[in-house]
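> What follows is a single structure, and I will ask about it in a moment.
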Amino acid sequence: MKKIFVILITKILYFVGFLIGRGSSLPGQIALKIYPDILSKLVLPENIVFITGSNGKTTTAGMINDVLINNGFTVGYNFEGSNQIEGITTLLLRISDFSGRINKDALVLEVDERYTRHVLKYITPKYYVVTNLYRDQLTRNGHPEEVYAIIEQGVKEEMHLVLNTDDPLSSMMGIDKKNVTYFGVDKNSLSKENNTSIYNDGAYCPHCKEKLEYEYYHYNHIGSYKCEKCGHKRHDPEFRVTAIDFDEGNFIINHEHRIELNFKSFYNIYNLLTAFTVASLLGVKSEDICLSLNNYILKKERIIEFQVAQKKGMMIVSKHENSISYNQSLMYIANQKEECTVVILVDSISRKYYTNETSWLWDIDFELLKNDNVKRIILAGKYAYDLGVRFDHTGIDLDKITVTPDLDKMMDSITETAVGKIYVLTCFSDKQKYIDKVKVWN
Amino acid sequence: MELRILHLYHDLLNLYGEVGNVKILAKNLMKQNIQVTVKSSSVGDEIEFSDYDFIYLGSGTEKNQLVALNDLSPFTNELRDAIDQGVVVLATGNSFEIFGQYIRETDGKIYDGLNLFNFHAERSKVRTSADIIYSADFLEKNIVGFVNKKSMAYDIDNYLFKVKFGVGANENSNVEGIRENNFFGTYIIGPILVRNPHFLDYISRLICHAKDPNFEFKEIKNENQVKAFETALFELSKRMG
């Protein structure tokens with residue numbers, strides 16, 4: 001009786017919230033208050049996928065959802081912003097019937113890495129996917145080793161782990177486990193012998209702390225590693241990227257399945273590979289997955305094309321306090337051949353909390369912009385001067401650089417001095433401050 | 001003049017962009033027409049500590065901190081000699097705990113420290129993170145920064161900073177860090193010398209004058225650095241009320 005009541009309340013609250021445009025976590029929060037065990041009283045489908053990790057959760061979950069829907073599955077899926085236990089509760093009670101049964105073929109749930117242990121108390125997924133573990137919002141999350149310890153809590157034998165074999169930290173979860181599928185990217189023309197990043201989180205084995213040996217790196221600490229002491233190493237992945245062609249804009253999985261890239265970045269490849277892996281495990285045919293993932297358009301929140309003063313530009317939304325996210329965007333720009341101007345806007349570090357913490361600017365490889373095609377660099381926002389000091393140490397010609405905390409002056413500088421295509425790197429927290437000043441067309 | 005900088009555990013204790021401290025210090029000293037050599041060393045390296053004019057250590061994960069402690073233990077006497085000779089040492093984040101008597105884990109397990117100074121650290125169950133403003137009696141301006149730690153320090157005799165905003169050495173403390181001779185330790189993480197140009201200036205002078213008391217240090221300001229500091233201090237002061 002109580003169950004029906006809580007489900008009803010949640011559905012009503014969600015509907016009211018939807019009408020007035022409120023967030024999706026409150027109904028679940030109230031449901032959990034009235035009935036803390038409600039999640040364990042639901043009858044769930046067999047196919048449940050949890051996706052957690054530092055980067056790429058939202059995009060990958062979205063891709064999996066799209067592939068499944070295109071292939072006739074009915075799916076329960078939490079979209080952005082509702083990846084904590086409250087948001088997940090809202091979703092599940094909203095799509096369940098009054099007996100608490102969810103009549104879907106699959107549940108695809110993105111789970112915030114700090115909350116997996118809470119959700120795992122009530123729901124055991126068939127597939128537990130970890131995209132990667134990077135330095136991400138250390139002010140709030142703590143460092144990656146702490147996050148690892150958290151996402152490992154509550155993992156059960158019957159859960160099938162889906163792990164990134166190229167990441168020494170998150171792949172550690174597969175040690176001594178039987179039920180594991182690894183995905184990874186093989187050595188290719190973009191792989192490097194040395195770690196060229198400003199820091200190296202792969203210097204020591206996360207398992208035993210001996211120095212790790214690397215055969216190659218894709219970026220940062222992502223690559224092929226081996227620990228001579230404890231034996232922790234990159235396992236041969238079952239789902240592997242065997243070739244990448246950025247000029248043609250495609251890559252190949254397991255020597256035969258080609259996927260066309262709408263956005264040519266390593267990041268995007270890992271997300272697509274993860275989605276391919278999960279969809280394959282759920283029984284979708286490889287050809288059908290490729291059809292769904294070909295030219296997959298990233299959500300318009302991530303890549304935004306705009307025009308300002310007759311100049312074309314692209315905003316690549318990156319994450320403040322997440323150096324690898326910035327590095328991926330910078331690598332994309334460094335791989336372009338045409339002349340360009342790069343704007344970096346850091347005005348509010350987070351949209352969820354206040355902090356003045358800027359040390360992450362020294363974890364980002366801004367040196368990637370030391371490239372002939374980059375003609376102008378504009379550093380803007382409240383932290384423009386901090387960026388300015390960081391750029392003093394990149395070896396980039398200072399004559400190319402303008403530093404301005406004032407956003408109107410940033411626009412003047414773009415209008416008057418920008419050369420070639422304009423790339424803007426910023427975070428969700430600052431995105432709108434720029435978008436409001438330009439003409440957007442996607 | 002020639003100066004030698006040692007970046008100790010550059011690949012183990014560099015959790016928060018702390019390499020920035022070494023980069024900006026080297027650059028600042030070079031502007032004084034000093035020839036600067038930076039040596040990055042790590043686990044297993046043989047090091048003559050007394051060969052250096054400045055030694056820097058940054059923050060690490062709790063595991064990495066203990067790896068560094070274990071590796072550094074056999075060199076305790078050499079390190080003590082170097083500090084006694086006046087070599088300038090800056091240890092930021094949890095690395096300064098290594099120099100105390102011990103670190104006690106939440107389960108009671110104790111790791112002996114290098115025991116160079118009389119204080120100890122206790123691991124906490126939860127992480128403490130906070131924007132901070134500190135003051136120091138040897139600096140005219142305040143220090144801005146960020147603390148992100150999973151431990152507290154107790155029984156520090158000679159503290160480095162007074163807390164004006166944010167957190168201190170432990171839950172009951174309104175002071176923070178340690179200063180003994182030319183050894184500076186603080187829980188502040190990240191590029192503290194980047195964010196605080198006056199502290200960079202102070203440390204630079206100290207290193208130069210330890211080498212040559214008659215060295216004529218020129219005042220050279222980096223405009224962006226000063227403005228970044230002023231912006232941070234202004235923003236944080238607003239929050240202090």
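Naming works like this for the structure tokens: A, B, ... for the chains as they're shown, residue 1 at the start of each chain, ligands 1 onward in shown order.
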Just need the residues of chain B within 9 Å of chain A, counting only C-alpha atoms, so spit them out as a compact mmCIF listing (two decimals) with N, CA, C and O atoms, in the first residue's frame.

```txt
# COMPACT_ATOMS: atom_id res chain seq x y z
N HIS B 10 58.72 14.55 -8.19
CA HIS B 10 57.97 15.32 -9.19
C HIS B 10 56.83 14.50 -9.80
O HIS B 10 55.82 15.06 -10.23
N ASP B 11 57.00 13.17 -9.85
CA ASP B 11 55.97 12.34 -10.51
C ASP B 11 55.07 11.63 -9.50
O ASP B 11 54.15 10.93 -9.88
N LEU B 12 55.35 11.84 -8.22
CA LEU B 12 54.60 11.13 -7.18
C LEU B 12 53.78 12.12 -6.35
O LEU B 12 52.67 11.82 -5.92
N ASN B 14 52.55 15.45 -7.06
CA ASN B 14 52.23 16.57 -7.96
C ASN B 14 50.75 16.46 -8.32
O ASN B 14 50.36 16.41 -9.46
N LEU B 15 49.94 16.38 -7.27
CA LEU B 15 48.52 16.08 -7.47
C LEU B 15 47.72 17.30 -7.92
O LEU B 15 46.66 17.16 -8.51
N TYR B 16 48.23 18.48 -7.62
CA TYR B 16 47.44 19.69 -7.91
C TYR B 16 48.28 20.72 -8.66
O TYR B 16 48.48 21.83 -8.19
N GLY B 17 48.79 20.34 -9.81
CA GLY B 17 49.53 21.29 -10.64
C GLY B 17 50.71 21.94 -9.94
O GLY B 17 51.09 23.07 -10.24
N GLU B 18 51.30 21.23 -8.99
CA GLU B 18 52.34 21.86 -8.17
C GLU B 18 53.65 22.10 -8.88
O GLU B 18 54.50 22.85 -8.40
N VAL B 19 53.82 21.51 -10.04
CA VAL B 19 55.01 21.77 -10.85
C VAL B 19 55.10 23.27 -11.15
O VAL B 19 56.18 23.81 -11.37
N GLY B 20 53.95 23.93 -11.10
CA GLY B 20 53.91 25.39 -11.31
C GLY B 20 54.80 26.14 -10.34
O GLY B 20 55.40 27.16 -10.70
N LYS B 23 58.33 25.87 -11.70
CA LYS B 23 58.49 26.62 -12.95
C LYS B 23 58.59 28.12 -12.68
O LYS B 23 59.44 28.81 -13.23
N ILE B 24 57.69 28.62 -11.82
CA ILE B 24 57.68 30.07 -11.64
C ILE B 24 58.87 30.52 -10.80
O ILE B 24 59.43 31.59 -11.02
N LYS B 27 61.89 30.61 -13.12
CA LYS B 27 61.78 31.76 -14.03
C LYS B 27 62.09 33.06 -13.29
O LYS B 27 62.79 33.94 -13.80
N VAL B 43 61.51 8.28 -6.69
CA VAL B 43 61.77 7.06 -5.95
C VAL B 43 63.01 6.33 -6.50
O VAL B 43 63.13 6.14 -7.71
N THR B 61 48.49 11.64 -3.30
CA THR B 61 47.43 10.84 -2.71
C THR B 61 47.99 10.29 -1.40
O THR B 61 49.20 10.30 -1.18
N GLU B 62 47.12 9.78 -0.54
CA GLU B 62 47.59 9.27 0.75
C GLU B 62 48.59 8.13 0.52
O GLU B 62 49.60 8.02 1.21
N LYS B 63 48.32 7.29 -0.48
CA LYS B 63 49.24 6.18 -0.78
C LYS B 63 50.59 6.71 -1.24
O LYS B 63 51.64 6.23 -0.81
N ASN B 64 50.56 7.69 -2.14
CA ASN B 64 51.82 8.22 -2.68
C ASN B 64 52.64 8.92 -1.60
O ASN B 64 53.87 8.87 -1.62
N VAL B 67 54.56 6.26 0.08
CA VAL B 67 55.65 5.77 -0.78
C VAL B 67 56.84 6.73 -0.66
O VAL B 67 57.99 6.30 -0.50
N ARG B 127 37.35 14.19 3.94
CA ARG B 127 38.27 15.15 3.36
C ARG B 127 37.88 16.56 3.77
O ARG B 127 36.69 16.87 3.89
N SER B 129 38.19 20.38 2.54
CA SER B 129 38.64 21.25 1.46
C SER B 129 38.05 22.63 1.66
O SER B 129 36.89 22.77 2.02
N ALA B 130 38.87 23.65 1.43
CA ALA B 130 38.41 25.01 1.68
C ALA B 130 39.31 26.05 1.01
O ALA B 130 40.52 25.88 0.94
N ASP B 131 38.68 27.10 0.52
CA ASP B 131 39.43 28.29 0.12
C ASP B 131 39.94 28.93 1.41
O ASP B 131 39.26 28.91 2.43
N GLY B 145 44.78 30.83 -1.17
CA GLY B 145 45.02 29.47 -1.67
C GLY B 145 43.87 28.54 -1.35
O GLY B 145 42.75 28.97 -1.05
N PHE B 146 44.19 27.27 -1.42
CA PHE B 146 43.18 26.24 -1.22
C PHE B 146 43.79 25.08 -0.45
O PHE B 146 44.93 24.70 -0.68
N VAL B 147 43.00 24.57 0.50
CA VAL B 147 43.44 23.40 1.27
C VAL B 147 42.55 22.23 0.89
O VAL B 147 41.33 22.38 0.75
N ASN B 148 43.15 21.07 0.65
CA ASN B 148 42.40 19.88 0.27
C ASN B 148 43.13 18.69 0.90
O ASN B 148 44.14 18.23 0.39
N LYS B 149 42.67 18.24 2.05
CA LYS B 149 43.47 17.28 2.81
C LYS B 149 42.61 16.22 3.50
O LYS B 149 41.44 16.43 3.77
N ILE B 189 47.54 23.55 -1.03
CA ILE B 189 47.90 22.73 -2.19
C ILE B 189 48.16 23.62 -3.41
O ILE B 189 47.82 24.81 -3.39
N GLY B 190 48.70 23.01 -4.44
CA GLY B 190 48.80 23.70 -5.73
C GLY B 190 49.90 24.74 -5.78
O GLY B 190 50.75 24.82 -4.91
N PRO B 191 49.85 25.55 -6.83
CA PRO B 191 50.93 26.51 -7.07
C PRO B 191 50.85 27.75 -6.17
O PRO B 191 50.53 28.84 -6.62
N ILE B 192 51.17 27.57 -4.91
CA ILE B 192 51.12 28.66 -3.92
C ILE B 192 52.05 29.81 -4.30
O ILE B 192 51.73 30.98 -4.06
N VAL B 194 52.77 30.66 -7.34
CA VAL B 194 52.18 31.34 -8.50
C VAL B 194 51.11 32.32 -8.01
O VAL B 194 51.04 33.46 -8.46
N ARG B 195 50.32 31.86 -7.07
CA ARG B 195 49.18 32.68 -6.64
C ARG B 195 49.57 33.81 -5.71
O ARG B 195 48.80 34.73 -5.51
N ASN B 222 55.56 40.57 -12.02
CA ASN B 222 54.79 40.06 -13.15
C ASN B 222 53.37 40.59 -12.98
O ASN B 222 52.67 40.26 -12.03
N GLU B 223 52.97 41.45 -13.93
CA GLU B 223 51.70 42.16 -13.79
C GLU B 223 50.50 41.20 -13.69
O GLU B 223 49.63 41.37 -12.84
N ASN B 224 50.48 40.18 -14.56
CA ASN B 224 49.37 39.23 -14.52
C ASN B 224 49.29 38.53 -13.16
O ASN B 224 48.21 38.31 -12.61
N GLN B 225 50.47 38.19 -12.66
CA GLN B 225 50.51 37.46 -11.39
C GLN B 225 49.97 38.31 -10.25
O GLN B 225 49.20 37.84 -9.41
N VAL B 226 50.35 39.58 -10.24
CA VAL B 226 49.89 40.49 -9.19
C VAL B 226 48.38 40.70 -9.30
O VAL B 226 47.65 40.65 -8.31
N LYS B 227 47.90 40.89 -10.53
CA LYS B 227 46.45 41.10 -10.70
C LYS B 227 45.65 39.85 -10.34
O LYS B 227 44.56 39.94 -9.78
N ALA B 228 46.18 38.68 -10.68
CA ALA B 228 45.49 37.43 -10.32
C ALA B 228 45.39 37.32 -8.81
O ALA B 228 44.33 36.95 -8.26
N PHE B 229 46.46 37.66 -8.12
CA PHE B 229 46.45 37.62 -6.65
C PHE B 229 45.43 38.59 -6.10
O PHE B 229 44.62 38.24 -5.23
N THR B 231 42.78 39.83 -7.49
CA THR B 231 41.42 39.36 -7.78
C THR B 231 41.02 38.27 -6.78
O THR B 231 39.92 38.30 -6.21
N ALA B 232 41.92 37.34 -6.54
CA ALA B 232 41.60 36.23 -5.63
C ALA B 232 41.38 36.75 -4.21
O ALA B 232 40.41 36.37 -3.54
N GLU B 235 38.00 38.55 -4.04
CA GLU B 235 36.87 37.61 -4.07
C GLU B 235 36.72 36.87 -2.74
O GLU B 235 35.62 36.71 -2.22
N LEU B 236 37.85 36.42 -2.21
CA LEU B 236 37.79 35.65 -0.96
C LEU B 236 37.44 36.56 0.22
O LEU B 236 36.72 36.15 1.13
```
> So which residues of range 38-87 of chain B fall under alpha helix (DSSP H) by DSSP, listed as a ChimeraX atom specification?
/B:62-72,76-84
> Using only N, CA and C atoms, please write the residues we just selected to a file, as a short mmCIF file (atom, residue, chain, number, x, y, z; two decimals), in the first residue's frame.

```cif
data_model
loop_
_atom_site.label_atom_id
_atom_site.label_comp_id
_atom_site.auth_asym_id
_atom_site.auth_seq_id
_atom_site.Cartn_x
_atom_site.Cartn_y
_atom_site.Cartn_z
N GLU B 62 47.12 9.78 -0.54
CA GLU B 62 47.59 9.27 0.75
C GLU B 62 48.59 8.13 0.52
N LYS B 63 48.32 7.29 -0.48
CA LYS B 63 49.24 6.18 -0.78
C LYS B 63 50.59 6.71 -1.24
N ASN B 64 50.56 7.69 -2.14
CA ASN B 64 51.82 8.22 -2.68
C ASN B 64 52.64 8.92 -1.60
N GLN B 65 51.96 9.56 -0.67
CA GLN B 65 52.66 10.21 0.43
C GLN B 65 53.49 9.18 1.20
N LEU B 66 52.88 8.01 1.45
CA LEU B 66 53.59 6.97 2.21
C LEU B 66 54.73 6.35 1.40
N VAL B 67 54.56 6.26 0.08
CA VAL B 67 55.65 5.77 -0.78
C VAL B 67 56.84 6.73 -0.66
N ALA B 68 56.56 8.03 -0.71
CA ALA B 68 57.63 9.03 -0.60
C ALA B 68 58.30 8.95 0.77
N LEU B 69 57.49 8.81 1.81
CA LEU B 69 58.04 8.70 3.18
C LEU B 69 58.99 7.51 3.28
N ASN B 70 58.55 6.38 2.75
CA ASN B 70 59.35 5.17 2.80
C ASN B 70 60.67 5.33 2.04
N ASP B 71 60.59 6.02 0.91
CA ASP B 71 61.78 6.20 0.08
C ASP B 71 62.75 7.21 0.71
N LEU B 72 62.20 8.18 1.42
CA LEU B 72 63.01 9.27 1.96
C LEU B 72 63.66 8.89 3.30
N THR B 76 67.30 10.44 6.05
CA THR B 76 66.90 11.39 7.08
C THR B 76 68.06 12.27 7.56
N ASN B 77 69.21 11.65 7.82
CA ASN B 77 70.34 12.43 8.35
C ASN B 77 70.83 13.47 7.34
N GLU B 78 70.93 13.05 6.08
CA GLU B 78 71.38 13.98 5.04
C GLU B 78 70.42 15.16 4.91
N LEU B 79 69.14 14.83 5.01
CA LEU B 79 68.12 15.87 4.89
C LEU B 79 68.19 16.83 6.08
N ARG B 80 68.43 16.25 7.26
CA ARG B 80 68.54 17.08 8.46
C ARG B 80 69.74 18.02 8.33
N ASP B 81 70.85 17.47 7.85
CA ASP B 81 72.06 18.30 7.67
C ASP B 81 71.78 19.45 6.70
N ALA B 82 71.11 19.12 5.60
CA ALA B 82 70.82 20.16 4.60
C ALA B 82 69.96 21.27 5.21
N ILE B 83 68.95 20.88 5.97
CA ILE B 83 68.06 21.88 6.58
C ILE B 83 68.83 22.70 7.62
N ASP B 84 69.69 22.03 8.38
CA ASP B 84 70.51 22.75 9.38
C ASP B 84 71.45 23.74 8.71
#
```
